[in-house]
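Content type PDB, C-alpha atoms, from the file my_file17.pdb:
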```
ATOM      1  CA  MET A 231     119.624 -41.973-108.979  1.00  0.00           C
ATOM      2  CA  ARG A 232     121.468 -40.589-105.957  1.00  0.00           C
ATOM      3  CA  THR A 233     119.699 -39.954-102.713  1.00  0.00           C
ATOM      4  CA  SER A 234     119.751 -36.616-100.938  1.00  0.00           C
ATOM      5  CA  SER A 235     122.193 -37.911 -98.306  1.00  0.00           C
ATOM      6  CA  GLU A 236     124.571 -39.208-101.017  1.00  0.00           C
ATOM      7  CA  THR A 237     124.468 -35.806-102.718  1.00  0.00           C
ATOM      8  CA  ASP A 238     125.098 -34.059 -99.390  1.00  0.00           C
ATOM      9  CA  THR A 239     128.087 -36.331 -98.728  1.00  0.00           C
ATOM     10  CA  THR A 240     129.515 -35.841-102.230  1.00  0.00           C
ATOM     11  CA  ASP A 241     129.007 -32.072-102.058  1.00  0.00           C
ATOM     12  CA  GLY A 242     130.625 -31.983 -98.620  1.00  0.00           C
ATOM     13  CA  VAL A 243     133.661 -33.886 -99.902  1.00  0.00           C
ATOM     14  CA  LEU A 244     133.908 -31.594-102.939  1.00  0.00           C
ATOM     15  CA  ALA A 245     133.656 -28.507-100.726  1.00  0.00           C
ATOM     16  CA  GLU A 246     136.464 -29.824 -98.517  1.00  0.00           C
ATOM     17  CA  GLN A 247     138.605 -30.629-101.571  1.00  0.00           C
ATOM     18  CA  LEU A 248     138.071 -27.117-102.935  1.00  0.00           C
ATOM     19  CA  LEU A 249     139.063 -25.584 -99.597  1.00  0.00           C
ATOM     20  CA  ARG A 250     142.221 -27.730 -99.441  1.00  0.00           C
ATOM     21  CA  LEU A 251     143.080 -26.776-103.031  1.00  0.00           C
ATOM     22  CA  THR A 252     142.515 -23.088-102.273  1.00  0.00           C
ATOM     23  CA  ARG A 253     144.900 -23.273 -99.307  1.00  0.00           C
ATOM     24  CA  ARG A 254     147.477 -25.113-101.438  1.00  0.00           C
ATOM     25  CA  LEU A 255     147.151 -22.550-104.244  1.00  0.00           C
ATOM     26  CA  HIS A 256     147.657 -19.729-101.756  1.00  0.00           C
ATOM     27  CA  ARG A 257     150.776 -21.360-100.222  1.00  0.00           C
ATOM     28  CA  ILE A 258     152.362 -22.038-103.612  1.00  0.00           C
ATOM     29  CA  GLN A 259     151.551 -18.578-104.954  1.00  0.00           C
ATOM     30  CA  LYS A 260     152.892 -16.949-101.797  1.00  0.00           C
ATOM     31  CA  ARG A 261     156.148 -18.931-102.072  1.00  0.00           C
ATOM     32  CA  HIS A 262     156.623 -17.830-105.692  1.00  0.00           C
ATOM     33  CA  LEU A 263     155.855 -14.174-104.871  1.00  0.00           C
ATOM     34  CA  GLU A 264     158.083 -13.929-101.777  1.00  0.00           C
ATOM     35  CA  PRO A 265     161.325 -13.335-103.727  1.00  0.00           C
ATOM     36  CA  LEU A 266     159.632 -10.337-105.356  1.00  0.00           C
ATOM     37  CA  GLY A 267     158.716  -8.825-101.993  1.00  0.00           C
ATOM     38  CA  ILE A 268     155.027  -8.798-102.961  1.00  0.00           C
ATOM     39  CA  THR A 269     152.138 -10.424-101.116  1.00  0.00           C
ATOM     40  CA  PRO A 270     149.290 -12.128-103.006  1.00  0.00           C
ATOM     41  CA  ALA A 271     146.969  -9.260-102.001  1.00  0.00           C
ATOM     42  CA  GLN A 272     149.442  -6.648-103.281  1.00  0.00           C
ATOM     43  CA  SER A 273     149.776  -8.666-106.476  1.00  0.00           C
ATOM     44  CA  ARG A 274     146.002  -8.532-107.035  1.00  0.00           C
ATOM     45  CA  LEU A 275     145.938  -4.773-106.402  1.00  0.00           C
ATOM     46  CA  LEU A 276     148.871  -4.176-108.745  1.00  0.00           C
ATOM     47  CA  ARG A 277     147.171  -6.148-111.527  1.00  0.00           C
ATOM     48  CA  LEU A 278     143.948  -4.226-110.949  1.00  0.00           C
ATOM     49  CA  VAL A 279     145.722  -0.856-111.137  1.00  0.00           C
ATOM     50  CA  SER A 280     147.447  -1.966-114.352  1.00  0.00           C
ATOM     51  CA  GLN A 281     144.083  -2.738-115.969  1.00  0.00           C
ATOM     52  CA  HIS A 282     143.068   0.886-115.428  1.00  0.00           C
ATOM     53  CA  ASP A 283     146.445   2.348-116.265  1.00  0.00           C
ATOM     54  CA  ARG A 284     145.630   2.861-119.935  1.00  0.00           C
ATOM     55  CA  GLU A 285     142.454   4.731-119.066  1.00  0.00           C
ATOM     56  CA  GLU A 286     141.958   6.882-116.022  1.00  0.00           C
ATOM     57  CA  ALA A 287     143.821   5.777-112.910  1.00  0.00           C
ATOM     58  CA  PRO A 288     141.451   4.203-110.351  1.00  0.00           C
ATOM     59  CA  ARG A 289     140.363   5.837-107.123  1.00  0.00           C
ATOM     60  CA  MET A 290     141.043   4.077-103.825  1.00  0.00           C
ATOM     61  CA  ALA A 291     137.290   3.499-103.447  1.00  0.00           C
ATOM     62  CA  ASP A 292     137.165   1.871-106.898  1.00  0.00           C
ATOM     63  CA  LEU A 293     139.940  -0.509-105.904  1.00  0.00           C
ATOM     64  CA  ALA A 294     138.225  -1.385-102.622  1.00  0.00           C
ATOM     65  CA  ALA A 295     134.973  -2.136-104.443  1.00  0.00           C
ATOM     66  CA  ARG A 296     136.670  -4.303-107.077  1.00  0.00           C
ATOM     67  CA  LEU A 297     138.671  -6.212-104.455  1.00  0.00           C
ATOM     68  CA  GLU A 298     135.579  -6.469-102.226  1.00  0.00           C
ATOM     69  CA  VAL A 299     137.451  -5.145 -99.193  1.00  0.00           C
ATOM     70  CA  VAL A 300     137.084  -2.148 -96.911  1.00  0.00           C
ATOM     71  CA  PRO A 301     138.868   1.033 -98.055  1.00  0.00           C
ATOM     72  CA  ARG A 302     141.291   0.826 -95.103  1.00  0.00           C
ATOM     73  CA  ALA A 303     142.612  -2.482 -96.464  1.00  0.00           C
ATOM     74  CA  VAL A 304     143.363  -0.812 -99.808  1.00  0.00           C
ATOM     75  CA  THR A 305     145.180   2.006 -98.025  1.00  0.00           C
ATOM     76  CA  THR A 306     147.483  -0.532 -96.356  1.00  0.00           C
ATOM     77  CA  LEU A 307     148.137  -2.325 -99.660  1.00  0.00           C
ATOM     78  CA  VAL A 308     148.814   0.947-101.496  1.00  0.00           C
ATOM     79  CA  ASP A 309     151.136   2.087 -98.683  1.00  0.00           C
ATOM     80  CA  GLY A 310     153.265  -1.043 -99.165  1.00  0.00           C
ATOM     81  CA  LEU A 311     153.304  -0.798-102.952  1.00  0.00           C
ATOM     82  CA  GLU A 312     154.074   2.918-102.804  1.00  0.00           C
ATOM     83  CA  ALA A 313     156.990   2.278-100.425  1.00  0.00           C
ATOM     84  CA  ALA A 314     158.306  -0.274-102.947  1.00  0.00           C
ATOM     85  CA  GLY A 315     157.985   2.320-105.735  1.00  0.00           C
ATOM     86  CA  CYS A 316     155.361   0.304-107.645  1.00  0.00           C
ATOM     87  CA  VAL A 317     152.514   2.840-107.471  1.00  0.00           C
ATOM     88  CA  ARG A 318     152.035   6.511-106.682  1.00  0.00           C
ATOM     89  CA  ARG A 319     149.133   8.517-105.356  1.00  0.00           C
ATOM     90  CA  VAL A 320     148.088  11.428-107.578  1.00  0.00           C
ATOM     91  CA  PRO A 321     145.335  13.988-107.070  1.00  0.00           C
ATOM     92  CA  ASP A 322     142.380  13.807-109.446  1.00  0.00           C
ATOM     93  CA  PRO A 323     142.596  16.836-111.774  1.00  0.00           C
ATOM     94  CA  ALA A 324     138.828  17.378-111.584  1.00  0.00           C
ATOM     95  CA  ASN A 325     138.516  16.985-107.791  1.00  0.00           C
ATOM     96  CA  ARG A 326     141.667  17.457-105.758  1.00  0.00           C
ATOM     97  CA  ARG A 327     140.087  15.743-102.735  1.00  0.00           C
ATOM     98  CA  VAL A 328     140.049  12.474-104.719  1.00  0.00           C
ATOM     99  CA  ILE A 329     143.249  10.445-104.852  1.00  0.00           C
ATOM    100  CA  ARG A 330     143.987   8.165-107.785  1.00  0.00           C
ATOM    101  CA  ILE A 331     146.551   5.369-107.927  1.00  0.00           C
ATOM    102  CA  GLU A 332     148.966   5.166-110.857  1.00  0.00           C
ATOM    103  CA  LEU A 333     151.381   2.425-111.802  1.00  0.00           C
ATOM    104  CA  THR A 334     155.050   3.457-111.975  1.00  0.00           C
ATOM    105  CA  GLU A 335     157.778   2.074-114.232  1.00  0.00           C
ATOM    106  CA  THR A 336     158.964   0.000-111.265  1.00  0.00           C
ATOM    107  CA  GLY A 337     155.396  -1.270-110.940  1.00  0.00           C
ATOM    108  CA  ARG A 338     155.325  -2.287-114.600  1.00  0.00           C
ATOM    109  CA  ALA A 339     158.610  -4.176-114.210  1.00  0.00           C
ATOM    110  CA  THR A 340     157.276  -5.845-111.064  1.00  0.00           C
ATOM    111  CA  LEU A 341     154.147  -6.879-112.970  1.00  0.00           C
ATOM    112  CA  ARG A 342     156.289  -8.596-115.599  1.00  0.00           C
ATOM    113  CA  ARG A 343     158.128 -10.516-112.872  1.00  0.00           C
ATOM    114  CA  LEU A 344     154.784 -11.308-111.202  1.00  0.00           C
ATOM    115  CA  ARG A 345     153.451 -12.829-114.422  1.00  0.00           C
ATOM    116  CA  ASN A 346     156.475 -15.121-114.581  1.00  0.00           C
ATOM    117  CA  ALA A 347     156.059 -16.095-110.915  1.00  0.00           C
ATOM    118  CA  ARG A 348     152.365 -16.826-111.453  1.00  0.00           C
ATOM    119  CA  THR A 349     153.178 -18.966-114.502  1.00  0.00           C
ATOM    120  CA  ASP A 350     155.744 -20.910-112.460  1.00  0.00           C
ATOM    121  CA  ALA A 351     153.206 -21.379-109.638  1.00  0.00           C
ATOM    122  CA  ALA A 352     150.538 -22.574-112.106  1.00  0.00           C
ATOM    123  CA  GLU A 353     152.961 -25.052-113.640  1.00  0.00           C
ATOM    124  CA  GLU A 354     153.749 -26.428-110.186  1.00  0.00           C
ATOM    125  CA  ILE A 355     150.082 -26.729-109.256  1.00  0.00           C
ATOM    126  CA  LEU A 356     149.007 -28.311-112.545  1.00  0.00           C
ATOM    127  CA  ALA A 357     152.028 -30.621-112.941  1.00  0.00           C
ATOM    128  CA  PRO A 358     150.118 -33.788-111.914  1.00  0.00           C
ATOM    129  CA  LEU A 359     147.507 -33.259-114.665  1.00  0.00           C
ATOM    130  CA  THR A 360     147.661 -34.336-118.301  1.00  0.00           C
ATOM    131  CA  ALA A 361     146.804 -31.864-121.069  1.00  0.00           C
ATOM    132  CA  GLU A 362     143.319 -33.420-121.386  1.00  0.00           C
ATOM    133  CA  GLN A 363     142.728 -33.183-117.627  1.00  0.00           C
ATOM    134  CA  ARG A 364     143.778 -29.526-117.696  1.00  0.00           C
ATOM    135  CA  GLU A 365     141.219 -28.831-120.439  1.00  0.00           C
ATOM    136  CA  VAL A 366     138.475 -30.570-118.446  1.00  0.00           C
ATOM    137  CA  LEU A 367     139.487 -28.684-115.297  1.00  0.00           C
ATOM    138  CA  GLY A 368     139.420 -25.395-117.215  1.00  0.00           C
ATOM    139  CA  SER A 369     135.903 -26.120-118.470  1.00  0.00           C
ATOM    140  CA  LEU A 370     134.709 -27.072-114.986  1.00  0.00           C
ATOM    141  CA  LEU A 371     136.255 -23.972-113.422  1.00  0.00           C
ATOM    142  CA  ASN A 372     134.626 -21.786-116.083  1.00  0.00           C
ATOM    143  CA  ALA A 373     131.260 -23.368-115.312  1.00  0.00           C
ATOM    144  CA  LEU A 374     131.718 -22.615-111.609  1.00  0.00           C
ATOM    145  CA  THR A 375     133.096 -19.088-111.948  1.00  0.00           C
ATOM    146  CA  ASP A 376     130.631 -18.028-114.655  1.00  0.00           C
ATOM    147  CA  ALA A 377     127.566 -19.363-112.823  1.00  0.00           C
ATOM    148  CA  PRO A 378     125.162 -16.668-111.621  1.00  0.00           C
ATOM    149  CA  ALA A 379     125.384 -15.951-107.924  1.00  0.00           C
ATOM    150  CA  PRO A 380     122.475 -17.380-105.945  1.00  0.00           C
ATOM    151  CA  ALA A 381     119.997 -14.925-104.498  1.00  0.00           C
ATOM    152  CA  GLU A 382     120.834 -14.056-100.913  1.00  0.00           C
ATOM    153  CA  HIS A 383     118.578 -15.487 -98.261  1.00  0.00           C
ATOM    154  CA  ARG A 384     116.698 -12.845 -96.344  1.00  0.00           C
ATOM    155  CA  CYS A 385     115.472 -13.371 -92.792  1.00  0.00           C
TER     156      CYS A 385
END
```
Now that the file is in, can you turn its structure into structure tokens?
Amino acid sequence: MRTSSETDTTDGVLAEQLLRLTRRLHRIQKRHLEPLGITPAQSRLLRLVSQHDREEAPRMADLAARLEVVPRAVTTLVDGLEAAGCVRRVPDPANRRVIRIELTETGRATLRRLRNARTDAAEEILAPLTAEQREVLGSLLNALTDAPAPAEHRC
């Protein structure tokens, strides 16, 4: 049985490894997205808009909530994607004060190129792993991402 200090040390090492991997993932993804003129944050917003595209286009506030950022951050991302012709702002037909974000044809084409870039980045990141190791990693990542969030500590 492991002692508390051994667990703390192991957990600390794992936390550091996860942080290093996160930074590596971000660098590799950014390198693969650069030729498309899209940042990782814009890529996430574009994918999110595309998920709503078949239904009702999302409001800026909806996007901010889903991305867990302040609305001003979404405005900046939308400004960049709109300048690139990937999205457009449209008034809500039921409430003209509400602005919705729609994907354009250019945005759809960019999404297709983004999927290819993400696949290339994933292949680069996972290259050192065997097929069995990738399956184990997938299971472990599912366990971590699907775990319920711990209750927040209140003072």
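Between Gln259 in chain A and the candidates A:Ala377, A:Val279, A:Leu344, A:Ala357, the tightest atom-to-atom separation, counting all atoms listed in the file, involves A:Leu344.
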### Task
Work out how far CA of Arg338 in chain A is from CA of Asp376 in chain A, in Å to one decimal.
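Distance reported for this atom pair: 29.3 Å.
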### Of the listed residues A:Leu266, A:Gln247, A:Asp309, A:Leu278, that which approaches Asn346 in chain A most closely, counting all atoms listed in the file
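Answer, going by the shortest atom-to-atom distance: A:Leu266.
Closest approach to Val308 in chain A among A:Asp241, A:Glu332, A:Asp350, A:Glu362: A:Glu332, based on only C-alpha atoms.
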### Message
Could you tell me how far CA of His282 in chain A sits from CA of Arg296 in chain A, in Å to one decimal place?
### Response
11.7 Å
Please put the answer as AutoDock Vina command-line options: centre and edge lengths, in Å with one decimal, of a box along x, y and z that encloses all listed atoms of range 244-250 of chain A plus 3 Å on each side.
```
--center_x 137.9 --center_y -28.6 --center_z -100.7 --size_x 14.6 --size_y 12.0 --size_z 10.4
```
### Task
Would you mind listing what lies within 12 Å of range 261-264 of chain A as a ChimeraX atom specification, with only C-alpha atoms counted and same-chain residues fewer than 6 positions away left out?
/A:254-255,270-274,340-341,343-355
### Task
Choose the residue, out of A:Pro380, A:Pro288, A:Gly337, A:Pro323, that has the smallest atom-to-atom separation from Gly310 in chain A; count all atoms listed in the file.
A:Gly337
### Message
Just the number, please: distance in Å from CA of Asp322 in chain A to CA of Met290 in chain A, one decimal.
### Response
11.3 Å
Expansion of the PyMOL selection byres ((chain A and resi 316) around 6) into residues, as a short mmCIF file (atom, residue, chain, number, x, y, z; two decimals) with C-alpha atoms, in the coordinates of the input:
```
data_model
loop_
_atom_site.label_atom_id
_atom_site.label_comp_id
_atom_site.auth_asym_id
_atom_site.auth_seq_id
_atom_site.Cartn_x
_atom_site.Cartn_y
_atom_site.Cartn_z
CA LEU A 311 153.30 -0.80 -102.95
CA GLU A 312 154.07 2.92 -102.80
CA ALA A 314 158.31 -0.27 -102.95
CA GLY A 315 157.99 2.32 -105.74
CA VAL A 317 152.51 2.84 -107.47
CA THR A 334 155.05 3.46 -111.98
CA THR A 336 158.96 0.00 -111.26
CA GLY A 337 155.40 -1.27 -110.94
#
```
### Query
With only C-alpha atoms as the atoms that count, which of A:Leu244, A:Ala379, A:Ala313, A:Gly368 lies nearest to Ile268 in chain A?
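Closest to Ile268 in chain A, using only C-alpha atoms: A:Ala313.
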### Query
If you apply the PyMOL selection byres ((chain A and resi 329) around 6) to this file, what residues do you get, as an MDAnalysis selection string?
chainID A and resid 289 320:322 328 330
### Query
From the list A:Leu293, A:Leu356, A:Ala373, A:Ala245, which residue is nearest Thr305 in chain A when using only C-alpha atoms?
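Closest to Thr305 in chain A of all the choices is A:Leu293.
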